[in-house]
Structure formats: structure tokens, C-alpha cells
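Enquirer: Dropping in upload_34.pdb, with PDB, C-alpha atoms, pLDDT in the B column.
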```
MODEL        1
ATOM      1  CA  MET A 157      59.239 -43.035 -37.075  1.00 53.00           C
ATOM      2  CA  ILE A 158      56.126 -40.916 -37.393  1.00 73.00           C
ATOM      3  CA  ASN A 159      56.184 -37.862 -35.163  1.00 84.00           C
ATOM      4  CA  PRO A 160      52.662 -36.556 -34.632  1.00 91.00           C
ATOM      5  CA  VAL A 161      52.018 -32.963 -33.646  1.00 96.00           C
ATOM      6  CA  ILE A 162      49.505 -32.591 -30.821  1.00 97.00           C
ATOM      7  CA  ARG A 163      48.190 -29.148 -30.056  1.00 97.00           C
ATOM      8  CA  ILE A 164      45.122 -27.219 -28.974  1.00 97.00           C
ATOM      9  CA  GLU A 165      42.932 -26.221 -31.911  1.00 97.00           C
ATOM     10  CA  ASN A 166      39.459 -24.955 -32.675  1.00 97.00           C
ATOM     11  CA  PRO A 167      37.319 -28.036 -33.377  1.00 97.00           C
ATOM     12  CA  ASP A 168      35.204 -26.212 -35.964  1.00 97.00           C
ATOM     13  CA  GLN A 169      37.340 -27.122 -38.989  1.00 97.00           C
ATOM     14  CA  PRO A 170      36.220 -29.309 -41.914  1.00 97.00           C
ATOM     15  CA  GLU A 171      38.750 -32.096 -41.288  1.00 97.00           C
ATOM     16  CA  ILE A 172      37.920 -32.177 -37.574  1.00 97.00           C
ATOM     17  CA  ARG A 173      34.165 -32.140 -38.239  1.00 97.00           C
ATOM     18  CA  ASP A 174      34.725 -35.151 -40.523  1.00 97.00           C
ATOM     19  CA  LEU A 175      36.567 -37.045 -37.775  1.00 97.00           C
ATOM     20  CA  LEU A 176      33.851 -36.126 -35.247  1.00 97.00           C
ATOM     21  CA  ALA A 177      31.248 -37.479 -37.688  1.00 97.00           C
ATOM     22  CA  ALA A 178      33.266 -40.704 -38.049  1.00 96.00           C
ATOM     23  CA  SER A 179      33.383 -40.960 -34.253  1.00 96.00           C
ATOM     24  CA  ASP A 180      29.615 -40.428 -34.048  1.00 96.00           C
ATOM     25  CA  ALA A 181      28.993 -43.159 -36.630  1.00 96.00           C
ATOM     26  CA  TYR A 182      31.379 -45.554 -34.875  1.00 96.00           C
ATOM     27  CA  HIS A 183      29.654 -45.081 -31.526  1.00 96.00           C
ATOM     28  CA  ALA A 184      26.160 -45.255 -33.057  1.00 96.00           C
ATOM     29  CA  ALA A 185      27.066 -48.642 -34.569  1.00 96.00           C
ATOM     30  CA  LEU A 186      28.120 -49.979 -31.145  1.00 96.00           C
ATOM     31  CA  TYR A 187      25.583 -48.509 -28.721  1.00 96.00           C
ATOM     32  CA  PRO A 188      21.958 -47.388 -28.500  1.00 94.00           C
ATOM     33  CA  ALA A 189      21.435 -43.616 -28.601  1.00 92.00           C
ATOM     34  CA  GLU A 190      20.792 -43.399 -24.842  1.00 93.00           C
ATOM     35  CA  SER A 191      24.236 -44.901 -24.173  1.00 94.00           C
ATOM     36  CA  ASN A 192      26.105 -42.374 -26.335  1.00 93.00           C
ATOM     37  CA  HIS A 193      27.293 -39.406 -24.308  1.00 93.00           C
ATOM     38  CA  LEU A 194      29.055 -37.449 -27.053  1.00 92.00           C
ATOM     39  CA  ILE A 195      29.206 -33.678 -26.700  1.00 94.00           C
ATOM     40  CA  ASP A 196      28.447 -31.404 -29.644  1.00 93.00           C
ATOM     41  CA  MET A 197      30.486 -28.732 -31.427  1.00 94.00           C
ATOM     42  CA  GLN A 198      29.055 -25.915 -29.304  1.00 95.00           C
ATOM     43  CA  SER A 199      30.142 -27.717 -26.121  1.00 94.00           C
ATOM     44  CA  LEU A 200      33.599 -28.382 -27.573  1.00 96.00           C
ATOM     45  CA  GLN A 201      34.046 -24.636 -28.096  1.00 96.00           C
ATOM     46  CA  ARG A 202      33.079 -23.527 -24.587  1.00 95.00           C
ATOM     47  CA  SER A 203      35.628 -21.698 -22.462  1.00 95.00           C
ATOM     48  CA  ASP A 204      35.766 -24.589 -19.962  1.00 95.00           C
ATOM     49  CA  THR A 205      36.819 -27.049 -22.683  1.00 96.00           C
ATOM     50  CA  THR A 206      40.236 -27.559 -24.238  1.00 96.00           C
ATOM     51  CA  PHE A 207      40.262 -29.417 -27.564  1.00 98.00           C
ATOM     52  CA  PHE A 208      43.379 -31.270 -28.691  1.00 98.00           C
ATOM     53  CA  VAL A 209      44.180 -32.457 -32.201  1.00 98.00           C
ATOM     54  CA  ALA A 210      46.808 -35.001 -33.244  1.00 97.00           C
ATOM     55  CA  ARG A 211      48.108 -34.402 -36.768  1.00 97.00           C
ATOM     56  CA  VAL A 212      50.329 -36.704 -38.767  1.00 95.00           C
ATOM     57  CA  ASP A 213      51.937 -35.057 -41.789  1.00 93.00           C
ATOM     58  CA  GLY A 214      49.430 -32.237 -41.354  1.00 94.00           C
ATOM     59  CA  ALA A 215      46.351 -34.480 -41.482  1.00 95.00           C
ATOM     60  CA  VAL A 216      43.977 -34.757 -38.515  1.00 97.00           C
ATOM     61  CA  ARG A 217      44.316 -38.290 -37.157  1.00 97.00           C
ATOM     62  CA  GLY A 218      43.145 -38.019 -33.540  1.00 97.00           C
ATOM     63  CA  ILE A 219      41.137 -35.804 -31.198  1.00 98.00           C
ATOM     64  CA  GLY A 220      40.388 -35.441 -27.517  1.00 97.00           C
ATOM     65  CA  ALA A 221      38.843 -32.825 -25.258  1.00 98.00           C
ATOM     66  CA  LEU A 222      39.200 -31.877 -21.627  1.00 97.00           C
ATOM     67  CA  LEU A 223      36.027 -30.511 -20.044  1.00 96.00           C
ATOM     68  CA  ARG A 224      36.824 -28.802 -16.752  1.00 95.00           C
ATOM     69  CA  GLN A 225      34.217 -29.464 -14.063  1.00 91.00           C
ATOM     70  CA  ASN A 226      34.016 -28.514 -10.417  1.00 86.00           C
ATOM     71  CA  GLY A 227      37.222 -30.042  -9.004  1.00 86.00           C
ATOM     72  CA  TYR A 228      38.009 -32.409 -11.867  1.00 95.00           C
ATOM     73  CA  ALA A 229      38.213 -32.592 -15.646  1.00 96.00           C
ATOM     74  CA  GLU A 230      36.320 -35.023 -17.830  1.00 97.00           C
ATOM     75  CA  ILE A 231      37.885 -36.490 -20.935  1.00 98.00           C
ATOM     76  CA  LYS A 232      35.505 -36.286 -23.890  1.00 97.00           C
ATOM     77  CA  ARG A 233      35.547 -37.106 -27.610  1.00 97.00           C
ATOM     78  CA  MET A 234      38.731 -39.203 -27.589  1.00 96.00           C
ATOM     79  CA  PHE A 235      38.941 -40.780 -31.031  1.00 96.00           C
ATOM     80  CA  VAL A 236      41.706 -41.892 -33.377  1.00 96.00           C
ATOM     81  CA  ASP A 237      41.174 -42.268 -37.110  1.00 95.00           C
ATOM     82  CA  PRO A 238      41.159 -46.006 -37.902  1.00 92.00           C
ATOM     83  CA  LYS A 239      43.820 -45.323 -40.576  1.00 90.00           C
ATOM     84  CA  ALA A 240      46.168 -44.107 -37.824  1.00 92.00           C
ATOM     85  CA  ARG A 241      45.604 -46.832 -35.257  1.00 85.00           C
ATOM     86  CA  GLY A 242      48.813 -48.417 -34.031  1.00 86.00           C
ATOM     87  CA  LEU A 243      50.693 -45.101 -33.982  1.00 89.00           C
ATOM     88  CA  LYS A 244      50.095 -44.651 -30.227  1.00 92.00           C
ATOM     89  CA  LEU A 245      48.093 -41.464 -30.872  1.00 94.00           C
ATOM     90  CA  GLY A 246      45.592 -42.385 -28.157  1.00 95.00           C
ATOM     91  CA  SER A 247      48.253 -42.586 -25.469  1.00 95.00           C
ATOM     92  CA  ARG A 248      49.916 -39.410 -26.754  1.00 96.00           C
ATOM     93  CA  LEU A 249      46.611 -37.517 -26.731  1.00 97.00           C
ATOM     94  CA  LEU A 250      45.856 -38.850 -23.261  1.00 97.00           C
ATOM     95  CA  ALA A 251      49.254 -37.621 -22.029  1.00 96.00           C
ATOM     96  CA  ALA A 252      48.555 -34.162 -23.496  1.00 97.00           C
ATOM     97  CA  LEU A 253      45.150 -34.025 -21.776  1.00 97.00           C
ATOM     98  CA  GLU A 254      46.690 -35.101 -18.483  1.00 96.00           C
ATOM     99  CA  SER A 255      49.443 -32.506 -18.787  1.00 95.00           C
ATOM    100  CA  ASP A 256      46.881 -29.785 -19.493  1.00 94.00           C
ATOM    101  CA  ALA A 257      44.843 -30.799 -16.437  1.00 95.00           C
ATOM    102  CA  ARG A 258      47.936 -30.641 -14.229  1.00 94.00           C
ATOM    103  CA  THR A 259      48.896 -27.241 -15.679  1.00 93.00           C
ATOM    104  CA  VAL A 260      45.586 -25.734 -14.546  1.00 90.00           C
ATOM    105  CA  GLY A 261      45.918 -27.340 -11.100  1.00 92.00           C
ATOM    106  CA  LEU A 262      43.448 -30.203 -11.414  1.00 94.00           C
ATOM    107  CA  THR A 263      44.162 -33.388  -9.492  1.00 93.00           C
ATOM    108  CA  CYS A 264      41.521 -35.707 -10.933  1.00 97.00           C
ATOM    109  CA  LEU A 265      40.533 -36.889 -14.407  1.00 98.00           C
ATOM    110  CA  ARG A 266      37.312 -38.778 -15.091  1.00 98.00           C
ATOM    111  CA  LEU A 267      35.755 -40.327 -18.167  1.00 98.00           C
ATOM    112  CA  GLU A 268      32.941 -42.468 -19.457  1.00 97.00           C
ATOM    113  CA  THR A 269      33.680 -45.062 -22.124  1.00 97.00           C
ATOM    114  CA  GLY A 270      31.836 -47.971 -23.628  1.00 96.00           C
ATOM    115  CA  ILE A 271      32.184 -51.625 -22.721  1.00 96.00           C
ATOM    116  CA  LYS A 272      32.430 -52.599 -26.414  1.00 96.00           C
ATOM    117  CA  GLN A 273      35.688 -50.672 -26.870  1.00 95.00           C
ATOM    118  CA  PRO A 274      38.326 -52.963 -25.331  1.00 94.00           C
ATOM    119  CA  GLU A 275      41.227 -51.002 -26.847  1.00 93.00           C
ATOM    120  CA  ALA A 276      40.040 -47.767 -25.220  1.00 94.00           C
ATOM    121  CA  VAL A 277      39.453 -49.489 -21.878  1.00 97.00           C
ATOM    122  CA  ALA A 278      42.936 -51.050 -22.050  1.00 96.00           C
ATOM    123  CA  LEU A 279      44.475 -47.652 -22.877  1.00 96.00           C
ATOM    124  CA  TYR A 280      42.831 -45.993 -19.894  1.00 98.00           C
ATOM    125  CA  ARG A 281      43.725 -48.825 -17.519  1.00 98.00           C
ATOM    126  CA  SER A 282      47.349 -48.808 -18.705  1.00 97.00           C
ATOM    127  CA  ALA A 283      47.453 -45.044 -18.022  1.00 97.00           C
ATOM    128  CA  GLY A 284      46.355 -45.573 -14.404  1.00 97.00           C
ATOM    129  CA  PHE A 285      42.588 -45.078 -14.605  1.00 98.00           C
ATOM    130  CA  ARG A 286      40.409 -47.202 -12.333  1.00 98.00           C
ATOM    131  CA  GLU A 287      36.709 -47.964 -12.494  1.00 97.00           C
ATOM    132  CA  ILE A 288      34.329 -45.858 -10.406  1.00 98.00           C
ATOM    133  CA  GLY A 289      30.574 -45.387 -10.284  1.00 97.00           C
ATOM    134  CA  PRO A 290      28.661 -42.867 -12.373  1.00 97.00           C
ATOM    135  CA  PHE A 291      29.630 -39.244 -11.736  1.00 96.00           C
ATOM    136  CA  GLY A 292      28.198 -35.839 -12.581  1.00 93.00           C
ATOM    137  CA  ALA A 293      24.920 -36.162 -14.484  1.00 92.00           C
ATOM    138  CA  TYR A 294      25.590 -39.749 -15.616  1.00 96.00           C
ATOM    139  CA  GLN A 295      23.199 -42.509 -14.625  1.00 95.00           C
ATOM    140  CA  PRO A 296      24.124 -46.185 -14.330  1.00 96.00           C
ATOM    141  CA  ASP A 297      24.314 -47.734 -17.813  1.00 96.00           C
ATOM    142  CA  ALA A 298      25.121 -51.356 -18.599  1.00 96.00           C
ATOM    143  CA  ASN A 299      26.987 -50.154 -21.720  1.00 97.00           C
ATOM    144  CA  SER A 300      29.222 -47.697 -19.860  1.00 97.00           C
ATOM    145  CA  LEU A 301      32.358 -47.832 -17.765  1.00 97.00           C
ATOM    146  CA  PHE A 302      33.169 -44.835 -15.589  1.00 98.00           C
ATOM    147  CA  MET A 303      36.815 -44.299 -14.757  1.00 98.00           C
ATOM    148  CA  GLU A 304      38.998 -41.946 -12.758  1.00 98.00           C
ATOM    149  CA  LYS A 305      42.658 -41.135 -12.323  1.00 98.00           C
ATOM    150  CA  THR A 306      44.121 -39.133  -9.483  1.00 97.00           C
ATOM    151  CA  LEU A 307      46.884 -36.826 -10.655  1.00 94.00           C
ATOM    152  CA  ALA A 308      49.883 -36.165  -8.447  1.00 80.00           C
ATOM    153  CA  ALA A 309      50.109 -32.533  -7.382  1.00 63.00           C
TER     154      ALA A 309
ENDMDL
END
```
With the file now loaded, output its structure as C-alpha cells.
Expert:
Amino acid sequence: MINPVIRIENPDQPEIRDLLAASDAYHAALYPAESNHLIDMQSLQRSDTTFFVARVDGAVRGIGALLRQNGYAEIKRMFVDPKARGLKLGSRLLAALESDARTVGLTCLRLETGIKQPEAVALYRSAGFREIGPFGAYQPDANSLFMEKTLAA
């Protein structure tokens, strides 16, 4: 059985930049530019953001970030390398993000995801997320689903 290592890392590494670029291309192929809400490298390196990397045999195979907001954290940049799909990296990354949020005392996670990503939507629903309306600076978007999970104290 493959045992991935998930840890906090600096996103500004060549292998991670490559996976971010693959994520950008994937989303650009599915949605118009105004429906892509991907944050950039500078935002991923801010002090209010924690960036997680899933490595399999040392290679970057998944990423996810937790952007702490006022009273909640938003999950950003969740993406698993297509070559590593089926290894449950998405659910493992999601568990790491949730654990980090609890550690810093947050009781709510939110996210925006696209309607053309049924696997991502299924992952979030299976982890206890429910649909909500737009939050923060988001506007209603027919291509977006907004979701939230309340974390037990």
C-alpha cells in the first residue's frame, strides 16, 4: 500500500509550480475565466495561508491550502495529479486541512468548487460539507458550488 507523506511546505518549488500550472490548465479547460477563483503564488505564501503537499515516493502528487478568514478558513487550490488519482490523496489532504483548522481553533471550513468536477463535489459531500450561498467576496455563479462544514470544537 502506498503511504503518502502530507506536510506543510513552501509552495514556491519547481515541482509544486508545475502541479499548480496543471491545475490552472485543468480549470481553464472546464470554466470561463470569470468562474475560476484560483489564488496565486503570492497569496499561497501569505502568513494567513497554510499550504499542504502530498508526496508519494518523494514526488508531489497533491496540494491544498487553508486560507484563514475572519471566523472561518477557506479551502483553496485542492488538486491531485491525475497520475495519482485513486490513491485517496484528496481525502487525506482534506483531513490534514481540517485538522489544521481545528488546531488553530476554527470551527468552520468553507470552499468554492466547480459544478463540472463531480469527483471533488462527491469528496466534499462525503466529508460532511453542505451547500451554502456565496460567501466572502464571491458572487453567485452558475458554474460554482459553495460549501461549508462545521467543525466540532
Enquirer: Pick out the closest residue to A:Asp168 from this set: A:Glu268, A:Glu230, A:Asp204, A:Asp196. Count all atoms listed in the file.
Expert: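 Checking each candidate against A:Asp168, we get A:Asp196 as the closest.
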Enquirer: Under the rule that all atoms listed in the file are counted, which of A:Arg163, A:Arg217, A:Arg258, A:Arg233 is the nearest residue to A:Leu200?
Expert: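 Comparing A:Arg163, A:Arg217, A:Arg258, A:Arg233 against A:Leu200, the winner is A:Arg233.
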Enquirer: Taking the file as shown, find all residues satisfying the PyMOL selection byres ((chain A and resi 224) around 12) and write them as a ChimeraX atom specification.
Expert: /A:199-200,202-207,221-223,225-232,253-254,256-258,260-267,292
Enquirer: Considering all atoms listed in the file, return as a PyMOL selection string whatever protein or nucleic-acid residues lie within 12 Å of A:Ala278, sequence-local ones (same chain, fewer than 5 positions apart) excluded.
Expert: chain A and resi 246-247+269-273+283-287+301+303
Enquirer: Which value, in Å to one decimal, gives the distance between atom CA of A:Val209 and atom CA of A:Ala252?
Expert: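 Result for atom CA of A:Val209 versus atom CA of A:Ala252: 9.9 Å, one decimal.
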Enquirer: If you measure from atom CA of A:Phe302 to atom CA of A:Ile288, what distance in Å do you get, rounded to one decimal?
Expert: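 Interatomic distance, atom CA of A:Phe302 to atom CA of A:Ile288: 5.4 Å.
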Enquirer: Which residue gives the smallest distance to A:Arg211 among A:Val277, A:Ala177, A:Leu186, A:Leu249, with all atoms listed in the file counted?
Expert: A:Leu249
Enquirer: Ranking A:Lys305, A:Arg281, A:Arg248, A:His193 by minimum distance to A:Ala293 and counting only C-alpha atoms, which one comes first?
Expert: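 That would be A:His193, the residue with the smallest distance to A:Ala293.
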Enquirer: Pick from A:Pro160, A:Ala210, A:Ala215, A:Ala251: nearest to A:Tyr280, with all atoms listed in the file counted?
Expert: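 Distance minimum relative to A:Tyr280 lands on A:Ala251.
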Enquirer: What is the atom CA of A:Ser300 to atom CA of A:Ala181 distance in Å?
Expert: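 Between atom CA of A:Ser300 and atom CA of A:Ala181 the gap works out to 17.4 Å.
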Enquirer: Here's a test: counting all atoms listed in the file, identify every protein, DNA and RNA residue with an atom at most 8 Å from (39.4, -46.0, -32.0) in the file's coordinate frame, and state them as a PyMOL selection string.
Expert: chain A and resi 235-238+241+273+275-276
Enquirer: Which is closer to A:Tyr182 than all the others in A:Val212, A:Ser282, A:Glu304, A:Leu194, using all atoms listed in the file?
Expert: A:Leu194
Enquirer: For A:Asp180, find every residue with an atom within 9 Å (counting all atoms listed in the file), except residues of its own chain fewer than 5 positions away, and show them as an NGL selection string.
Expert: :A and (175 or 185 or 192 or 194)
Enquirer: Grab all the atoms of stretch 244-258 of chain A that the file lists, wrap them in a box along x, y and z, add 5 Å per side, and give me centre plus edge lengths in Å (one decimal) as lines of an AutoDock Vina configuration file.
Expert:
```
center_x = 47.5
center_y = -37.2
center_z = -22.6
size_x = 15.3
size_y = 24.9
size_z = 26.6
```
